[in-house]
Amino acid sequence: MIIGICIGIIAGIFFGDLWIKNQIEKNVVEGSERKLAGGMLLLRRHHNKGMVLNFGEKRRPVVAVFSALLVVCALMFFILSFGQHGNHLLRVGLSLLLGGGFSNTYDRLKRKYVVDYVSFNVKWKGLRKIVFNVSDFCIMIGALLIALGAGR
C-alpha cells in the first residue's frame, strides 16, 4: 500500500511540475511578472542554468551529472528503505525529494536548464529575487521529512 502511495507522490510531482513548466514556457514572457495569491507570490519565468541560485551555471554538464547521481543515490536509499518495517515519514520524505529531483534533473538533461517560475513578494530583495518551482519546494520539504524520519 505505502509503495503505491510513494510512487503516486513521485509521479504526481514529476508530471505535475513538468506540466506547469511547459505552461510557463509557452505562456509567460521572460522578464514579466504577475502577482498571484492576493499579491503574496509573483509568477515569473526564469531559466536556472546551474543549481541553487544558478551556482555552477558555467559548468552545466557537471551540474547535470551531479544532479543525476544525487537522484540515483536517493532512489537507491528509497528502495532499500522498503526492506525495513515502518518509518513511513522517511519514505514520504524520499518520495517528495525524488519527485522534485527527477523533475529538475529531467529539465537539466532535456532543456539544459531548470524552469523556475514563482517568487515570494516580500520587501527583502534577496528573497524576492529568488525564483522557485514546485519541485524545489518538494525537495526542501522532503529533506526535512527525511531528517525527521531518519531519527526514528
# chains A, B, ... in the order shown; residues from 1 in each chain; ligands from 1
$ select_by_dssp --residues "chain A" --states "strand (DSSP E or B)" --output "PyMOL selection string"
chain A and resi 34-36+41-48+114-120+132
$ closest_atom_pairs --of "segment 72-98 of chain A" --to "segment 11-34 of chain A" --cutoff "12 Å" --atoms "only C-alpha atoms" --output "tab-separated table"
residue	atom	partner	partner_atom	distance
A:Ser95	CA	A:Ile13	CA	9.1
A:Leu96	CA	A:Ile13	CA	7.5
A:Leu97	CA	A:Ile13	CA	9.5
A:Leu98	CA	A:Phe14	CA	8.6
$ residues_around --residues "Asn48 of chain A" --least-positions-apart "4" --cutoff "7 Å" --atoms "only C-alpha atoms" --output "PyMOL selection string"
chain A and resi 54+113-116
$ write_last_selection --atoms "N, CA and C atoms" --output "compact mmCIF listing (two decimals), in the first residue's frame"
# COMPACT_ATOMS: atom_id res chain seq x y z
N ASN A 54 21.65 29.52 -9.34
CA ASN A 54 22.48 29.45 -10.55
C ASN A 54 23.92 29.05 -10.28
N TYR A 113 18.48 23.52 -18.78
CA TYR A 113 18.23 24.48 -17.70
C TYR A 113 16.98 24.02 -16.97
N VAL A 114 16.79 24.53 -15.74
CA VAL A 114 15.60 24.22 -14.97
C VAL A 114 14.66 25.42 -15.06
N VAL A 115 13.39 25.15 -15.33
CA VAL A 115 12.39 26.21 -15.41
C VAL A 115 11.90 26.52 -14.00
N ASP A 116 12.16 27.74 -13.54
CA ASP A 116 11.65 28.22 -12.27
C ASP A 116 10.61 29.29 -12.57
$ select_by_dssp --residues "segment 10-112 of chain A" --states "alpha helix (DSSP H)" --output "PyMOL selection string"
chain A and resi 10-27+60-81+88-110
